[in-house]
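*Asks:* I am sharing upload.cif, which consists of mmCIF, C-alpha atoms:
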data_start
loop_
_atom_site.label_atom_id
_atom_site.label_comp_id
_atom_site.auth_asym_id
_atom_site.auth_seq_id
_atom_site.Cartn_x
_atom_site.Cartn_y
_atom_site.Cartn_z
CA MET A 57 -14.70 33.18 -4.21
CA GLU A 58 -18.41 32.44 -4.06
CA SER A 59 -20.27 34.15 -6.86
CA GLN A 60 -23.30 36.30 -6.15
CA SER A 61 -25.48 33.98 -8.20
CA SER A 62 -24.62 30.78 -6.33
CA PRO A 63 -27.04 31.09 -3.39
CA GLN A 64 -29.87 31.77 -5.82
CA SER A 65 -28.85 28.75 -7.91
CA LEU A 66 -28.82 26.46 -4.90
CA GLN A 67 -32.05 28.01 -3.70
CA SER A 68 -33.68 27.12 -7.00
CA LEU A 69 -32.99 23.44 -6.36
CA ALA A 70 -34.23 23.78 -2.79
CA SER A 71 -37.39 25.50 -3.99
CA GLU A 72 -38.01 22.74 -6.51
CA LEU A 73 -37.70 20.07 -3.82
CA ALA A 74 -39.84 22.00 -1.32
CA GLY A 75 -42.58 22.31 -3.93
CA LEU A 76 -42.89 18.57 -4.52
CA PRO A 77 -45.89 16.60 -3.26
CA ALA A 78 -45.33 14.99 0.13
CA SER A 79 -44.08 11.40 -0.14
CA LEU A 80 -44.06 10.17 3.48
CA GLY A 81 -47.13 11.38 5.32
CA PRO A 82 -46.66 15.17 5.47
CA VAL A 83 -42.93 14.86 4.65
CA ARG A 84 -41.07 15.27 1.38
CA LEU A 85 -38.32 12.68 1.80
CA ILE A 86 -35.25 13.45 -0.34
CA GLY A 87 -32.61 10.74 -0.71
CA ILE A 88 -28.95 11.61 -1.34
CA ASP A 89 -26.98 8.52 -2.34
CA GLY A 90 -23.55 7.81 -3.78
CA HIS A 91 -20.35 5.94 -3.06
CA ALA A 92 -18.69 6.33 0.32
CA GLY A 93 -16.53 9.44 0.21
CA SER A 94 -18.47 11.06 -2.65
CA GLY A 95 -19.48 14.19 -0.71
CA LYS A 96 -23.01 13.34 0.35
CA SER A 97 -22.76 14.83 3.85
CA THR A 98 -21.30 18.11 2.64
CA PHE A 99 -23.87 18.55 -0.10
CA ALA A 100 -26.72 17.56 2.21
CA GLY A 101 -25.60 20.20 4.70
CA LEU A 102 -25.57 22.93 2.06
CA LEU A 103 -28.93 21.87 0.68
CA ALA A 104 -30.40 21.76 4.18
CA GLN A 105 -29.28 25.37 4.71
CA ALA A 106 -30.89 26.41 1.43
CA LEU A 107 -34.07 24.72 2.62
CA GLY A 108 -34.11 26.92 5.69
CA GLY A 109 -32.61 24.41 8.11
CA ALA A 110 -34.23 21.18 6.96
CA PRO A 111 -33.29 18.16 9.10
CA VAL A 112 -30.75 15.67 7.76
CA LEU A 113 -30.82 11.99 8.70
CA HIS A 114 -27.38 10.42 8.22
CA LEU A 115 -27.52 6.72 7.45
CA ASP A 116 -24.12 6.34 9.16
CA ASP A 117 -26.13 6.87 12.36
CA VAL A 118 -28.49 4.04 11.45
CA ALA A 119 -25.97 1.45 10.25
CA THR A 120 -23.70 -0.54 12.59
CA HIS A 121 -20.47 -2.50 12.32
CA GLU A 122 -22.50 -5.69 12.05
CA GLU A 123 -25.18 -4.22 9.78
CA LEU A 124 -23.50 -2.00 7.23
CA PHE A 125 -26.54 -2.37 4.98
CA GLY A 126 -28.93 -4.46 7.07
CA TRP A 127 -30.62 -1.46 8.67
CA ASP A 128 -33.71 -1.08 6.48
CA GLU A 129 -36.15 -2.71 8.93
CA ARG A 130 -34.85 -0.61 11.83
CA LEU A 131 -35.19 2.56 9.75
CA ARG A 132 -38.71 1.57 8.70
CA ALA A 133 -39.92 0.86 12.23
CA GLN A 134 -38.20 3.74 14.04
CA VAL A 135 -38.38 6.52 11.46
CA LEU A 136 -40.43 5.89 8.34
CA GLU A 137 -43.62 4.48 9.82
CA PRO A 138 -44.02 7.18 12.51
CA LEU A 139 -43.37 9.99 10.03
CA ALA A 140 -45.74 8.45 7.51
CA ALA A 141 -48.42 8.64 10.20
CA GLY A 142 -47.55 12.26 10.97
CA ARG A 143 -45.99 11.35 14.33
CA PRO A 144 -42.50 12.18 15.66
CA ALA A 145 -39.91 9.47 15.07
CA HIS A 146 -37.92 8.17 18.04
CA TRP A 147 -34.60 6.64 17.11
CA ALA A 148 -31.14 6.09 18.57
CA PRO A 149 -27.97 6.89 16.57
CA TYR A 150 -25.16 4.35 16.51
CA ASP A 151 -21.83 5.29 18.12
CA TRP A 152 -19.06 3.95 15.88
CA THR A 153 -16.43 4.40 18.59
CA LEU A 154 -18.28 2.80 21.50
CA ARG A 155 -20.01 0.27 19.22
CA HIS A 156 -23.49 0.68 20.64
CA PHE A 157 -26.56 2.84 20.16
CA GLY A 158 -26.58 6.18 21.95
CA PRO A 159 -29.34 8.23 23.59
CA GLU A 160 -32.67 8.39 21.82
CA ARG A 161 -33.40 11.32 19.55
CA VAL A 162 -36.70 12.72 18.31
CA LEU A 163 -37.26 13.61 14.68
CA GLU A 164 -40.37 15.69 14.11
CA PRO A 165 -42.28 15.52 10.82
CA ALA A 166 -40.84 18.32 8.69
CA PRO A 167 -41.87 19.65 5.28
CA VAL A 168 -38.58 18.32 3.84
CA LEU A 169 -36.31 15.66 5.34
CA LEU A 170 -32.97 14.82 3.72
CA VAL A 171 -31.74 11.26 4.19
CA GLU A 172 -28.14 10.88 3.09
CA GLY A 173 -25.84 7.91 2.96
CA VAL A 174 -24.87 4.89 0.91
CA GLY A 175 -28.11 3.08 0.27
CA ALA A 176 -30.45 6.06 0.55
CA GLY A 177 -31.86 5.06 -2.84
CA ARG A 178 -32.29 1.36 -2.10
CA ARG A 179 -35.43 -0.37 -3.31
CA ALA A 180 -36.95 -0.48 0.19
CA LEU A 181 -36.76 3.33 0.41
CA ARG A 182 -37.48 4.44 -3.14
CA PRO A 183 -41.29 4.29 -2.89
CA ARG A 184 -41.06 6.73 0.04
CA LEU A 185 -38.82 9.25 -1.72
CA ALA A 186 -40.04 12.45 -3.34
CA ARG A 187 -36.70 12.67 -5.18
CA LEU A 188 -33.48 10.66 -5.32
CA LEU A 189 -30.20 12.54 -5.81
CA TRP A 190 -27.02 10.67 -6.74
CA MET A 191 -23.54 12.09 -6.16
CA GLU A 192 -21.88 11.53 -9.52
CA THR A 193 -18.32 10.94 -8.23
CA PRO A 194 -16.49 7.86 -9.56
CA ARG A 195 -16.17 4.98 -7.12
CA ALA A 196 -12.36 4.91 -7.05
CA LYS A 197 -12.14 8.65 -6.45
CA SER A 198 -14.81 8.51 -3.75
CA TRP A 199 -13.15 5.65 -1.91
CA GLY A 200 -9.77 7.35 -2.17
CA CYS A 201 -11.20 10.50 -0.57
CA GLY A 202 -12.74 8.42 2.20
CA ARG A 203 -9.55 6.51 2.93
CA ASN A 204 -7.49 9.71 3.00
CA ARG A 205 -10.01 11.31 5.34
CA ASP A 206 -10.12 8.41 7.80
CA GLY A 207 -6.42 7.54 7.83
CA ARG A 208 -4.49 4.30 7.98
CA GLU A 209 -6.00 3.23 11.30
CA LEU A 210 -9.28 2.54 9.51
CA SER A 211 -7.71 0.77 6.55
CA ASP A 212 -9.07 -2.63 7.58
CA PHE A 213 -12.55 -1.17 8.00
CA TRP A 214 -12.38 0.32 4.51
CA ASP A 215 -11.32 -3.03 3.05
CA GLY A 216 -14.46 -4.58 4.48
CA TRP A 217 -16.60 -1.59 3.56
CA GLU A 218 -15.58 -1.68 -0.09
CA ARG A 219 -16.54 -5.35 -0.38
CA ALA A 220 -19.88 -4.66 1.33
CA GLU A 221 -20.64 -1.63 -0.85
CA LEU A 222 -19.84 -3.53 -4.03
CA ALA A 223 -22.16 -6.34 -2.96
CA HIS A 224 -24.91 -3.88 -2.01
CA PHE A 225 -24.93 -1.92 -5.25
CA SER A 226 -24.58 -5.12 -7.28
CA ASP A 227 -27.82 -6.40 -5.74
CA ASP A 228 -29.61 -3.08 -5.20
CA PRO A 229 -28.26 -0.25 -7.40
CA SER A 230 -29.43 3.31 -6.80
CA ARG A 231 -27.98 5.30 -9.68
CA PRO A 232 -30.28 3.92 -12.41
CA PHE A 233 -33.22 5.29 -10.42
CA ALA A 234 -31.78 8.72 -9.62
CA ASP A 235 -33.89 11.74 -10.51
CA ILE A 236 -30.96 14.17 -10.22
CA LEU A 237 -27.22 13.63 -10.72
CA VAL A 238 -24.98 15.95 -8.66
CA ARG A 239 -21.38 16.56 -9.68
CA GLN A 240 -18.59 18.25 -7.72
CA SER A 241 -16.52 20.67 -9.79
CA GLY A 242 -13.51 22.76 -8.95
CA THR A 243 -15.72 25.66 -7.93
CA GLY A 244 -18.75 23.91 -6.47
CA TYR A 245 -21.59 21.73 -7.73
CA GLU A 246 -23.64 21.18 -10.84
CA TRP A 247 -26.63 18.95 -11.30
CA SER A 248 -28.69 17.54 -14.13
CA SER A 249 -31.64 15.21 -14.58
CA GLY A 250 -30.92 11.55 -13.99
CA THR A 251 -32.30 8.55 -15.80
CA ALA A 252 -35.50 8.65 -13.75
CA GLU A 253 -36.33 12.09 -15.15
CA THR A 254 -36.51 13.49 -18.66
CA ALA A 255 -33.05 14.71 -19.68
CA GLY A 256 -32.68 18.40 -18.92
CA THR A 257 -30.26 21.27 -18.79
CA THR A 258 -27.39 21.11 -16.35
CA THR A 259 -27.50 23.73 -13.58
CA SER A 260 -24.34 24.94 -11.87
CA VAL A 261 -23.71 26.44 -8.45
CA THR A 262 -20.43 27.78 -7.11
CA GLN A 263 -19.69 27.24 -3.43
CA GLY A 264 -16.35 28.08 -1.83
CA HIS A 265 -16.56 25.29 0.73
CA GLU A 266 -14.19 22.53 1.79
CA LEU A 267 -13.82 19.23 -0.02
CA PRO A 268 -16.50 16.59 0.55
CA ARG A 269 -16.41 14.89 3.96
CA ALA A 270 -18.48 11.78 3.38
#
For this file, write the structure as structure tokens.

*Replies:*
Amino acid sequence: MESQSSPQSLQSLASELAGLPASLGPVRLIGIDGHAGSGKSTFAGLLAQALGGAPVLHLDDVATHEELFGWDERLRAQVLEPLAAGRPAHWAPYDWTLRHFGPERVLEPAPVLLVEGVGAGRRALRPRLARLLWMETPRAKSWGCGRNRDGRELSDFWDGWERAELAHFSDDPSRPFADILVRQSGTGYEWSSGTAETAGTTTSVTQGHELPRA
């Protein structure tokens, strides 16, 4: 059962993020990174709610089969540069079933924008981030959750993904630069300062939601 204190606890993190100086034009860009299957999408959704409906940009919509991590220039041109100038971003999400980009979407400059996905804390993005959050779920556990979620039909994709993710984080690690480490517990989430911040007290929040999705 969700405790009465949990919304206030999550709201305290949201309030902290909303009070940061803008990092991308008028936008406070918050990165949520971690291994595939670590729960980034679920946590981003909850945090977005606590932020009053902040938009979430999923990097799965920016990557492609051919460019699992080679999307940084597309993200810069379509999203980051327009927002930095205070203009709406026009971008097209990738359809993983049809294997092509879908209809264009418009992303208005918002006070807080969450960008979640593997590589959200890469070196090309870090200078634009107001904060970097890292989902502190071990790699093997994360990948196991992802494989169980996607089923055997995507086993070959996961084999390729794991090699690509290992290569990416070997060349461009995110965790050493994280400001906040987020952990999933049996009752919800807890977070503490990462290596990019002065060590602080761990804060907990209980949420009676489903297991992480991505």

*Asks:* I would like the residues chosen by the PyMOL selection byres ((chain A and resi 137) around 12) on the shown file; could you give them as a PyMOL selection string?

*Replies:* chain A and resi 80-83+128-136+138-147+165+181+184

*Asks:* Tell me, in Å to one decimal, how far CA of Leu189 (chain A) is from CA of Ala176 (chain A).

*Replies:*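 We find that CA of Leu189 (chain A) and CA of Ala176 (chain A) lie 9.1 Å from each other.
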
*Asks:* Please, which residues are within 7 Å of (-37.4, 14.8, -1.4) by the file's coordinates, counting only C-alpha atoms, and could they come as a PyMOL selection string?

*Replies:* chain A and resi 73+84-87+168-170+185-188

*Asks:* What is the CA of Glu72 (chain A)-CA of Asp89 (chain A) distance in Å, reported with one decimal?

*Replies:* 18.5 Å

*Asks:* Any chance you could tabulate, as a Markdown table, the residues of region 183-250 of chain A at most 12 Å from region 95-109 of chain A with each one's nearest atom pair and distance in Å to one decimal, using all atoms listed in the file, in chain and rising number order?

*Replies:*
| residue | atom | partner | partner_atom | distance |
| --- | --- | --- | --- | --- |
| A:Leu189 | CA | A:Lys96 | CA | 9.5 |
| A:Trp190 | CA | A:Lys96 | CA | 8.6 |
| A:Met191 | CA | A:Lys96 | CA | 6.7 |
| A:Glu192 | CA | A:Gly95 | CA | 9.5 |
| A:Thr193 | CA | A:Gly95 | CA | 8.3 |
| A:Pro194 | CA | A:Gly95 | CA | 11.3 |
| A:Arg195 | CA | A:Gly95 | CA | 11.7 |
| A:Lys197 | CA | A:Gly95 | CA | 10.8 |
| A:Ser198 | CA | A:Gly95 | CA | 8.0 |
| A:Trp199 | CA | A:Gly95 | CA | 10.7 |
| A:Gly200 | CA | A:Gly95 | CA | 12.0 |
| A:Cys201 | CA | A:Gly95 | CA | 9.1 |
| A:Gly202 | CA | A:Gly95 | CA | 9.3 |
| A:Arg205 | CA | A:Gly95 | CA | 11.6 |
| A:Leu237 | CA | A:Lys96 | CA | 11.8 |
| A:Val238 | CA | A:Phe99 | CA | 9.0 |
| A:Arg239 | CA | A:Gly95 | CA | 9.5 |
| A:Gln240 | CA | A:Gly95 | CA | 8.1 |
| A:Ser241 | CA | A:Gly95 | CA | 11.5 |
| A:Gly244 | CA | A:Phe99 | CA | 9.8 |
| A:Tyr245 | CA | A:Phe99 | CA | 8.6 |
| A:Glu246 | CA | A:Phe99 | CA | 11.1 |
| A:Trp247 | CA | A:Phe99 | CA | 11.5 |

*Asks:* Need to verify the contact set: Pro149 (chain A), 10 Å, only C-alpha atoms, exclusion of same-chain residues closer than 4 positions in sequence. Can you return it as a PyMOL selection string?

*Replies:* chain A and resi 113-120+156-161

*Asks:* What does the file look like for those residues with C-alpha atoms, as a PDB file, in the coordinates of the input?

*Replies:*
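New file part.pdb:
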ATOM      1  CA  LEU A 113     -30.820  11.990   8.700  1.00  0.00           C
ATOM      2  CA  HIS A 114     -27.380  10.420   8.220  1.00  0.00           C
ATOM      3  CA  LEU A 115     -27.520   6.720   7.450  1.00  0.00           C
ATOM      4  CA  ASP A 116     -24.120   6.340   9.160  1.00  0.00           C
ATOM      5  CA  ASP A 117     -26.130   6.870  12.360  1.00  0.00           C
ATOM      6  CA  VAL A 118     -28.490   4.040  11.450  1.00  0.00           C
ATOM      7  CA  ALA A 119     -25.970   1.450  10.250  1.00  0.00           C
ATOM      8  CA  THR A 120     -23.700  -0.540  12.590  1.00  0.00           C
ATOM      9  CA  HIS A 156     -23.490   0.680  20.640  1.00  0.00           C
ATOM     10  CA  PHE A 157     -26.560   2.840  20.160  1.00  0.00           C
ATOM     11  CA  GLY A 158     -26.580   6.180  21.950  1.00  0.00           C
ATOM     12  CA  PRO A 159     -29.340   8.230  23.590  1.00  0.00           C
ATOM     13  CA  GLU A 160     -32.670   8.390  21.820  1.00  0.00           C
ATOM     14  CA  ARG A 161     -33.400  11.320  19.550  1.00  0.00           C
TER      15      ARG A 161
END

*Asks:* To verify the selection step, state as a PyMOL selection string which residues the PyMOL selection byres ((chain A and resi 234) around 6) yields on this input.

*Replies:* chain A and resi 188-190+231-233+235-236+250+252

*Asks:* Please determine, counting all atoms listed in the file, which residue among A:Ala166, A:Arg155, A:Gly175, A:Ser249 has the shortest atom-to-atom distance to Ser226 (chain A).

*Replies:* A:Gly175

*Asks:* Can you measure CA of Glu164 (chain A) to CA of Ser79 (chain A) for me? One decimal in Å is fine.

*Replies:*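 CA of Glu164 (chain A) sits 15.3 Å away from CA of Ser79 (chain A).
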
*Asks:* Here is a test: counting only C-alpha atoms, which residue of A:Gly177, A:Pro229, A:Pro183, A:Thr153 is nearest to Leu210 (chain A)?

*Replies:*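 Between A:Gly177, A:Pro229, A:Pro183, A:Thr153, the residue approaching Leu210 (chain A) most closely is A:Thr153.
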
*Asks:* Starting from the displayed file, determine the output of the PyMOL selection byres ((chain A and resi 214) around 12) and express the residue list as a ChimeraX atom specification.

*Replies:* /A:92-93,121,124,198-213,215-222

*Asks:* Residues as selected, C-alpha atoms, written as a PDB file, keeping the file's coordinate frame, can you do that?

*Replies:*
ATOM      1  CA  ALA A  92     -18.690   6.330   0.320  1.00  0.00           C
ATOM      2  CA  GLY A  93     -16.530   9.440   0.210  1.00  0.00           C
ATOM      3  CA  HIS A 121     -20.470  -2.500  12.320  1.00  0.00           C
ATOM      4  CA  LEU A 124     -23.500  -2.000   7.230  1.00  0.00           C
ATOM      5  CA  SER A 198     -14.810   8.510  -3.750  1.00  0.00           C
ATOM      6  CA  TRP A 199     -13.150   5.650  -1.910  1.00  0.00           C
ATOM      7  CA  GLY A 200      -9.770   7.350  -2.170  1.00  0.00           C
ATOM      8  CA  CYS A 201     -11.200  10.500  -0.570  1.00  0.00           C
ATOM      9  CA  GLY A 202     -12.740   8.420   2.200  1.00  0.00           C
ATOM     10  CA  ARG A 203      -9.550   6.510   2.930  1.00  0.00           C
ATOM     11  CA  ASN A 204      -7.490   9.710   3.000  1.00  0.00           C
ATOM     12  CA  ARG A 205     -10.010  11.310   5.340  1.00  0.00           C
ATOM     13  CA  ASP A 206     -10.120   8.410   7.800  1.00  0.00           C
ATOM     14  CA  GLY A 207      -6.420   7.540   7.830  1.00  0.00           C
ATOM     15  CA  ARG A 208      -4.490   4.300   7.980  1.00  0.00           C
ATOM     16  CA  GLU A 209      -6.000   3.230  11.300  1.00  0.00           C
ATOM     17  CA  LEU A 210      -9.280   2.540   9.510  1.00  0.00           C
ATOM     18  CA  SER A 211      -7.710   0.770   6.550  1.00  0.00           C
ATOM     19  CA  ASP A 212      -9.070  -2.630   7.580  1.00  0.00           C
ATOM     20  CA  PHE A 213     -12.550  -1.170   8.000  1.00  0.00           C
ATOM     21  CA  ASP A 215     -11.320  -3.030   3.050  1.00  0.00           C
ATOM     22  CA  GLY A 216     -14.460  -4.580   4.480  1.00  0.00           C
ATOM     23  CA  TRP A 217     -16.600  -1.590   3.560  1.00  0.00           C
ATOM     24  CA  GLU A 218     -15.580  -1.680  -0.090  1.00  0.00           C
ATOM     25  CA  ARG A 219     -16.540  -5.350  -0.380  1.00  0.00           C
ATOM     26  CA  ALA A 220     -19.880  -4.660   1.330  1.00  0.00           C
ATOM     27  CA  GLU A 221     -20.640  -1.630  -0.850  1.00  0.00           C
ATOM     28  CA  LEU A 222     -19.840  -3.530  -4.030  1.00  0.00           C
TER      29      LEU A 222
END

*Asks:* Just checking: using all atoms listed in the file, which residue out of A:Gly126, A:Pro111, A:Gly90, A:Pro167 ends up closest to Phe225 (chain A)?

*Replies:*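 Residue with the minimum atom-to-atom distance to Phe225 (chain A): A:Gly90.
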
*Asks:* Box time for region 70-74 of chain A: axis-aligned, enclosing all its listed atoms, 3 Å extra on each side; report centre and edge lengths in Å to one decimal, as JSON.

*Replies:*
{"center_x": -37.0, "center_y": 22.8, "center_z": -3.9, "size_x": 11.6, "size_y": 11.4, "size_z": 11.2}

*Asks:* Kindly complete region 80-91 of chain A to all heavy atoms; the output should be written as a PDB file, in the frame of the given file.

*Replies:*
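Result written to part-v6.pdb:
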ATOM      1  N   LEU A  80     -44.094  10.982   2.262  1.00  0.00           N
ATOM      2  CA  LEU A  80     -44.060  10.170   3.480  1.00  0.00           C
ATOM      3  C   LEU A  80     -44.939  10.873   4.515  1.00  0.00           C
ATOM      4  O   LEU A  80     -44.439  11.695   5.281  1.00  0.00           O
ATOM      5  CB  LEU A  80     -42.626  10.027   3.992  1.00  0.00           C
ATOM      6  CG  LEU A  80     -42.403   9.131   5.205  1.00  0.00           C
ATOM      7  CD1 LEU A  80     -42.650   7.669   4.847  1.00  0.00           C
ATOM      8  CD2 LEU A  80     -40.986   9.302   5.754  1.00  0.00           C
ATOM      9  N   GLY A  81     -46.237  10.594   4.495  1.00  0.00           N
ATOM     10  CA  GLY A  81     -47.130  11.380   5.320  1.00  0.00           C
ATOM     11  C   GLY A  81     -47.060  12.836   4.895  1.00  0.00           C
ATOM     12  O   GLY A  81     -47.201  13.147   3.710  1.00  0.00           O
ATOM     13  N   PRO A  82     -46.775  13.759   5.821  1.00  0.00           N
ATOM     14  CA  PRO A  82     -46.660  15.170   5.470  1.00  0.00           C
ATOM     15  C   PRO A  82     -45.261  15.570   4.993  1.00  0.00           C
ATOM     16  O   PRO A  82     -45.010  16.740   4.717  1.00  0.00           O
ATOM     17  CB  PRO A  82     -46.988  15.875   6.785  1.00  0.00           C
ATOM     18  CG  PRO A  82     -46.459  14.939   7.828  1.00  0.00           C
ATOM     19  CD  PRO A  82     -46.702  13.554   7.282  1.00  0.00           C
ATOM     20  N   VAL A  83     -44.351  14.601   4.898  1.00  0.00           N
ATOM     21  CA  VAL A  83     -42.930  14.860   4.650  1.00  0.00           C
ATOM     22  C   VAL A  83     -42.569  14.612   3.196  1.00  0.00           C
ATOM     23  O   VAL A  83     -43.042  13.648   2.580  1.00  0.00           O
ATOM     24  CB  VAL A  83     -42.054  13.962   5.562  1.00  0.00           C
ATOM     25  CG1 VAL A  83     -40.570  14.203   5.299  1.00  0.00           C
ATOM     26  CG2 VAL A  83     -42.384  14.205   7.030  1.00  0.00           C
ATOM     27  N   ARG A  84     -41.713  15.495   2.664  1.00  0.00           N
ATOM     28  CA  ARG A  84     -41.070  15.270   1.380  1.00  0.00           C
ATOM     29  C   ARG A  84     -39.710  14.668   1.684  1.00  0.00           C
ATOM     30  O   ARG A  84     -38.800  15.384   2.114  1.00  0.00           O
ATOM     31  CB  ARG A  84     -40.939  16.572   0.593  1.00  0.00           C
ATOM     32  CG  ARG A  84     -42.263  17.163   0.170  1.00  0.00           C
ATOM     33  CD  ARG A  84     -42.232  18.672   0.089  1.00  0.00           C
ATOM     34  NE  ARG A  84     -43.571  19.210  -0.151  1.00  0.00           N
ATOM     35  CZ  ARG A  84     -44.476  19.419   0.813  1.00  0.00           C
ATOM     36  NH1 ARG A  84     -44.175  19.164   2.093  1.00  0.00           N
ATOM     37  NH2 ARG A  84     -45.671  19.885   0.517  1.00  0.00           N
ATOM     38  N   LEU A  85     -39.563  13.371   1.474  1.00  0.00           N
ATOM     39  CA  LEU A  85     -38.320  12.680   1.800  1.00  0.00           C
ATOM     40  C   LEU A  85     -37.404  12.706   0.586  1.00  0.00           C
ATOM     41  O   LEU A  85     -37.757  12.206  -0.481  1.00  0.00           O
ATOM     42  CB  LEU A  85     -38.617  11.236   2.215  1.00  0.00           C
ATOM     43  CG  LEU A  85     -37.446  10.430   2.770  1.00  0.00           C
ATOM     44  CD1 LEU A  85     -36.946  11.026   4.077  1.00  0.00           C
ATOM     45  CD2 LEU A  85     -37.851   8.967   2.979  1.00  0.00           C
ATOM     46  N   ILE A  86     -36.222  13.306   0.745  1.00  0.00           N
ATOM     47  CA  ILE A  86     -35.250  13.450  -0.340  1.00  0.00           C
ATOM     48  C   ILE A  86     -34.048  12.574  -0.033  1.00  0.00           C
ATOM     49  O   ILE A  86     -33.378  12.756   0.987  1.00  0.00           O
ATOM     50  CB  ILE A  86     -34.796  14.919  -0.492  1.00  0.00           C
ATOM     51  CG1 ILE A  86     -36.012  15.859  -0.607  1.00  0.00           C
ATOM     52  CG2 ILE A  86     -33.860  15.049  -1.687  1.00  0.00           C
ATOM     53  CD1 ILE A  86     -36.895  15.595  -1.800  1.00  0.00           C
ATOM     54  N   GLY A  87     -33.757  11.611  -0.891  1.00  0.00           N
ATOM     55  CA  GLY A  87     -32.610  10.740  -0.710  1.00  0.00           C
ATOM     56  C   GLY A  87     -31.381  11.286  -1.415  1.00  0.00           C
ATOM     57  O   GLY A  87     -31.473  11.781  -2.545  1.00  0.00           O
ATOM     58  N   ILE A  88     -30.233  11.208  -0.742  1.00  0.00           N
ATOM     59  CA  ILE A  88     -28.950  11.610  -1.340  1.00  0.00           C
ATOM     60  C   ILE A  88     -28.010  10.416  -1.209  1.00  0.00           C
ATOM     61  O   ILE A  88     -27.548  10.088  -0.116  1.00  0.00           O
ATOM     62  CB  ILE A  88     -28.361  12.847  -0.639  1.00  0.00           C
ATOM     63  CG1 ILE A  88     -29.349  14.022  -0.715  1.00  0.00           C
ATOM     64  CG2 ILE A  88     -27.026  13.238  -1.281  1.00  0.00           C
ATOM     65  CD1 ILE A  88     -28.883  15.259   0.038  1.00  0.00           C
ATOM     66  N   ASP A  89     -27.754   9.760  -2.322  1.00  0.00           N
ATOM     67  CA  ASP A  89     -26.980   8.520  -2.340  1.00  0.00           C
ATOM     68  C   ASP A  89     -25.701   8.724  -3.137  1.00  0.00           C
ATOM     69  O   ASP A  89     -25.526   9.751  -3.813  1.00  0.00           O
ATOM     70  CB  ASP A  89     -27.827   7.405  -2.952  1.00  0.00           C
ATOM     71  CG  ASP A  89     -27.426   6.006  -2.497  1.00  0.00           C
ATOM     72  OD1 ASP A  89     -26.277   5.832  -2.039  1.00  0.00           O
ATOM     73  OD2 ASP A  89     -28.263   5.088  -2.604  1.00  0.00           O
ATOM     74  N   GLY A  90     -24.824   7.753  -3.071  1.00  0.00           N
ATOM     75  CA  GLY A  90     -23.550   7.810  -3.780  1.00  0.00           C
ATOM     76  C   GLY A  90     -22.550   6.922  -3.066  1.00  0.00           C
ATOM     77  O   GLY A  90     -22.811   6.414  -1.978  1.00  0.00           O
ATOM     78  N   HIS A  91     -21.401   6.758  -3.672  1.00  0.00           N
ATOM     79  CA  HIS A  91     -20.350   5.940  -3.060  1.00  0.00           C
ATOM     80  C   HIS A  91     -19.838   6.602  -1.784  1.00  0.00           C
ATOM     81  O   HIS A  91     -19.915   7.823  -1.622  1.00  0.00           O
ATOM     82  CB  HIS A  91     -19.195   5.737  -4.038  1.00  0.00           C
ATOM     83  CG  HIS A  91     -19.593   5.015  -5.284  1.00  0.00           C
ATOM     84  ND1 HIS A  91     -19.967   3.696  -5.300  1.00  0.00           N
ATOM     85  CD2 HIS A  91     -19.696   5.448  -6.575  1.00  0.00           C
ATOM     86  CE1 HIS A  91     -20.268   3.325  -6.530  1.00  0.00           C
ATOM     87  NE2 HIS A  91     -20.108   4.373  -7.327  1.00  0.00           N
TER      88      HIS A  91
END
